[in-house]
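> My structure is in upload_37.cif, and what it holds is mmCIF, C-alpha atoms:
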```cif
data_target
#
loop_
_atom_site.label_atom_id
_atom_site.label_comp_id
_atom_site.auth_asym_id
_atom_site.auth_seq_id
_atom_site.Cartn_x
_atom_site.Cartn_y
_atom_site.Cartn_z
CA MET A 1 13.44 9.85 1.50
CA ALA A 2 11.80 10.69 4.81
CA ALA A 3 8.10 10.98 4.06
CA ARG A 4 5.40 11.86 6.58
CA LEU A 5 1.79 10.79 6.16
CA ILE A 6 -0.51 13.83 6.13
CA THR A 7 -3.83 12.35 5.01
CA PRO A 8 -4.24 8.60 5.53
CA PRO A 9 -6.42 6.41 3.30
CA ALA A 10 -10.13 7.00 3.93
CA SER A 11 -10.89 3.29 3.47
CA GLU A 12 -9.23 -0.05 2.82
CA PRO A 13 -9.04 -1.80 -0.58
CA VAL A 14 -11.27 -4.63 0.70
CA GLY A 15 -14.06 -4.55 3.25
CA VAL A 16 -14.63 -6.69 6.33
CA ASP A 17 -17.82 -8.33 5.05
CA GLU A 18 -16.47 -9.18 1.59
CA SER A 19 -13.24 -10.44 3.15
CA ARG A 20 -15.11 -12.63 5.61
CA SER A 21 -17.14 -14.09 2.73
CA TRP A 22 -14.25 -14.57 0.28
CA ALA A 23 -11.80 -16.05 2.77
CA LYS A 24 -14.53 -18.15 4.45
CA ILE A 25 -13.76 -16.65 7.84
CA ASP A 26 -16.02 -17.80 10.64
CA ASP A 27 -18.41 -15.36 12.25
CA ASP A 28 -16.63 -15.89 15.58
CA VAL A 29 -13.69 -13.78 14.38
CA ASP A 30 -14.26 -10.22 15.59
CA ALA A 31 -14.77 -7.55 12.90
CA GLY A 32 -12.20 -5.34 14.65
CA ILE A 33 -9.56 -8.06 14.32
CA LEU A 34 -10.39 -8.45 10.63
CA ALA A 35 -10.18 -4.68 10.09
CA VAL A 36 -6.69 -4.58 11.62
CA ALA A 37 -5.62 -7.61 9.55
CA ILE A 38 -6.94 -5.94 6.37
CA GLN A 39 -5.01 -2.75 7.18
CA ALA A 40 -1.87 -4.81 7.81
CA GLY A 41 -2.41 -6.58 4.48
CA ARG A 42 -2.72 -3.24 2.66
CA GLU A 43 0.41 -1.91 4.35
CA LYS A 44 2.38 -5.06 3.45
CA ALA A 45 1.18 -4.92 -0.18
CA GLU A 46 2.20 -1.24 -0.33
CA HIS A 47 5.63 -2.09 1.08
CA ILE A 48 6.21 -4.95 -1.36
CA THR A 49 5.03 -3.09 -4.46
CA GLY A 50 6.19 0.47 -3.70
CA ARG A 51 2.66 1.63 -4.54
CA ARG A 52 -0.04 3.22 -2.40
CA LEU A 53 -3.39 1.55 -2.91
CA ILE A 54 -5.96 4.08 -1.68
CA THR A 55 -5.56 7.86 -2.17
CA GLN A 56 -3.40 9.42 0.54
CA THR A 57 -1.21 12.51 0.94
CA TRP A 58 2.41 12.53 2.07
CA SER A 59 4.82 15.36 2.93
CA VAL A 60 8.41 15.22 1.70
CA ARG A 61 11.29 17.72 2.08
CA VAL A 62 13.33 18.18 -1.10
CA GLN A 63 16.59 20.05 -1.46
CA ARG A 64 17.40 22.25 -4.44
CA GLY A 65 18.71 20.17 -7.36
CA GLN A 66 18.00 16.85 -5.62
CA VAL A 67 16.34 14.22 -7.83
CA LEU A 68 13.91 12.45 -5.56
CA SER A 69 12.66 8.96 -6.39
CA LEU A 70 9.00 8.54 -5.49
CA HIS A 71 9.29 4.75 -5.29
CA ASP A 72 7.08 4.27 -2.25
CA LEU A 73 4.55 6.90 -3.35
CA MET A 74 3.37 5.49 -6.67
CA PRO A 75 1.06 6.02 -8.48
CA VAL A 76 1.48 9.78 -8.16
CA ARG A 77 -1.75 11.75 -8.62
CA SER A 78 -0.41 15.26 -7.93
CA ILE A 79 2.55 17.10 -6.39
CA LYS A 80 2.15 20.55 -4.88
CA THR A 81 4.10 22.88 -2.63
CA VAL A 82 2.68 23.58 0.83
CA ASP A 83 1.30 26.78 -0.73
CA GLY A 84 -0.68 24.76 -3.30
CA VAL A 85 1.50 25.43 -6.35
CA THR A 86 1.57 22.44 -8.71
CA VAL A 87 5.02 20.88 -9.26
CA ASP A 88 5.86 18.86 -12.39
CA TRP A 89 7.37 15.40 -12.08
CA GLU A 90 8.81 12.74 -14.37
CA ASP A 91 6.23 9.98 -14.65
CA GLY A 92 8.51 6.96 -14.91
CA LEU A 93 8.91 3.76 -12.97
CA PRO A 94 9.53 5.05 -10.41
CA ALA A 95 8.41 8.65 -10.78
CA THR A 96 10.98 11.32 -9.88
CA VAL A 97 10.83 14.99 -8.96
CA SER A 98 13.44 17.74 -8.69
CA VAL A 99 12.98 21.38 -7.67
CA ASP A 100 14.86 24.69 -7.98
CA ALA A 101 14.77 25.51 -4.26
CA ASP A 102 14.60 23.74 -0.91
CA MET A 103 10.92 23.06 -0.19
CA GLU A 104 8.35 20.81 1.35
CA LEU A 105 6.07 18.99 -1.08
CA ARG A 106 2.63 17.46 -0.66
CA ILE A 107 2.34 14.32 -2.76
CA GLU A 108 -1.08 12.84 -3.38
CA CYS A 109 -0.76 9.24 -4.43
CA GLY A 110 -2.69 6.00 -4.74
CA TYR A 111 -5.01 4.33 -7.21
CA GLY A 112 -8.05 6.19 -5.89
CA GLU A 113 -10.90 4.42 -4.10
CA ALA A 114 -11.23 0.72 -3.30
CA LYS A 115 -12.97 0.09 -6.65
CA ASP A 116 -9.83 1.37 -8.44
CA VAL A 117 -7.38 -1.06 -6.79
CA PRO A 118 -6.33 -3.84 -9.21
CA ALA A 119 -8.12 -7.15 -8.63
CA SER A 120 -4.84 -9.07 -8.24
CA ILE A 121 -3.85 -6.91 -5.28
CA LYS A 122 -7.25 -7.40 -3.64
CA LEU A 123 -6.95 -11.14 -4.18
CA TRP A 124 -3.47 -11.11 -2.58
CA ILE A 125 -4.87 -9.34 0.50
CA TRP A 126 -7.72 -11.88 0.78
CA GLU A 127 -5.34 -14.84 0.36
CA ARG A 128 -3.00 -13.50 3.05
CA LEU A 129 -5.89 -12.66 5.33
CA GLY A 130 -7.40 -16.13 5.00
CA PHE A 131 -4.04 -17.78 5.63
CA LEU A 132 -3.31 -15.69 8.73
CA ILE A 133 -6.76 -16.21 10.21
CA GLU A 134 -6.58 -19.95 9.53
CA HIS A 135 -3.18 -20.16 11.25
CA ARG A 136 -3.77 -17.59 14.00
CA ASP A 137 -3.28 -20.19 16.74
CA ALA A 138 0.22 -20.91 15.43
CA LEU A 139 1.03 -17.21 15.70
CA THR A 140 0.07 -17.08 19.37
CA THR A 141 1.84 -20.31 20.36
CA ASN A 142 5.12 -19.60 18.52
CA GLN A 143 4.69 -22.56 16.17
CA GLU A 144 6.66 -22.25 12.97
CA PHE A 145 4.81 -22.02 9.71
CA ALA A 146 5.39 -20.32 6.40
CA ALA A 147 2.90 -18.75 4.05
CA PRO A 148 3.08 -20.14 0.50
CA ARG A 149 5.13 -17.91 -1.80
CA ASP A 150 4.36 -19.31 -5.21
CA TYR A 151 0.99 -18.26 -6.53
CA VAL A 152 -0.09 -15.82 -3.84
CA ASP A 153 2.92 -13.48 -3.84
CA GLY A 154 3.10 -13.78 -7.61
CA LEU A 155 -0.16 -11.82 -7.73
CA LEU A 156 1.83 -8.69 -6.77
CA ASP A 157 4.77 -9.21 -9.14
CA GLN A 158 3.38 -7.13 -12.01
CA PHE A 159 2.85 -4.15 -9.69
CA ILE A 160 6.32 -3.97 -8.11
CA VAL A 161 8.04 -0.66 -8.79
CA PRO A 162 11.81 -1.16 -9.29
CA ARG A 163 14.02 0.45 -6.67
CA LEU A 164 16.73 2.81 -7.95
#
```
Could you write out this file's structure as structure tokens?


Amino acid sequence: MAARLITPPASEPVGVDESRSWAKIDDDVDAGILAVAIQAGREKAEHITGRRLITQTWSVRVQRGQVLSLHDLMPVRSIKTVDGVTVDWEDGLPATVSVDADMELRIECGYGEAKDVPASIKLWIWERLGFLIEHRDALTTNQEFAAPRDYVDGLLDQFIVPRL
């Protein structure tokens, strides 16, 4: 599925100030750096889980009779044609859609606003953010290190959408 982002998320699931406080990040770390790290954390969580965290709209071309898995666009909020006509979909894990003619669809997906994102996903972003900030010198000097997999990545396990 070749999807194109039409409307990006209006915010991130966690804010700079709350992230700085939770992860005990020093004030000397620039807010712009934290904002980029938070965005990267959201994008990584979306990639791992197959879910979009904050409401966003994607465009997808579908061919007649094709059953399209919406794995990377869960949870689906609405599907419409470019003309605004609502299209029905099968709400499974993952959701799927098929149409009677070749068309371009607009898929609105995501949990909603930051307050709607599950706490475990927010915690995962904060844990990753804190780890990366704490080890940022290793990243710039090519030192090898590995983030812990056990508990932290396990926070996302219940949200992973199976790939077909």

> What does the PyMOL selection byres ((chain A and resi 71) around 6) select in this file, as a PyMOL selection string?

chain A and resi 50+69-70+72-73+94

> Give me the residues within 12 Å of segment 74-82 of chain A as an MDAnalysis selection string, counting all atoms listed in the file and dropping any in the same chain fewer than 2 places off.

chainID A and resid 6 46:47 49:62 69:72 84:99 101:112 116:117 159:163

> Between atom CA of Asp100 of chain A and atom CA of Arg4 of chain A, what distance in Å does the model show, to one decimal?

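Computed distance, atom CA of Asp100 of chain A to atom CA of Arg4 of chain A, equals 21.6 Å.
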
> Rounded to one decimal place, report the atom CA of Ala3 of chain A-atom CA of Gly65 of chain A distance in Å.

18.1 Å

> Just to confirm, what's the straight-line distance from atom CA of Gly130 of chain A to atom CA of Ala23 of chain A in Å (one decimal)?

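Atom CA of Ala23 of chain A lies 4.9 Å from atom CA of Gly130 of chain A.
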
> Using only C-alpha atoms for the distances, tell me which of A:Ala10, A:Val36, A:Ala2, A:Val67 is nearest to Glu113 of chain A.

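For Glu113 of chain A, the nearest of the given residues is A:Ala10.
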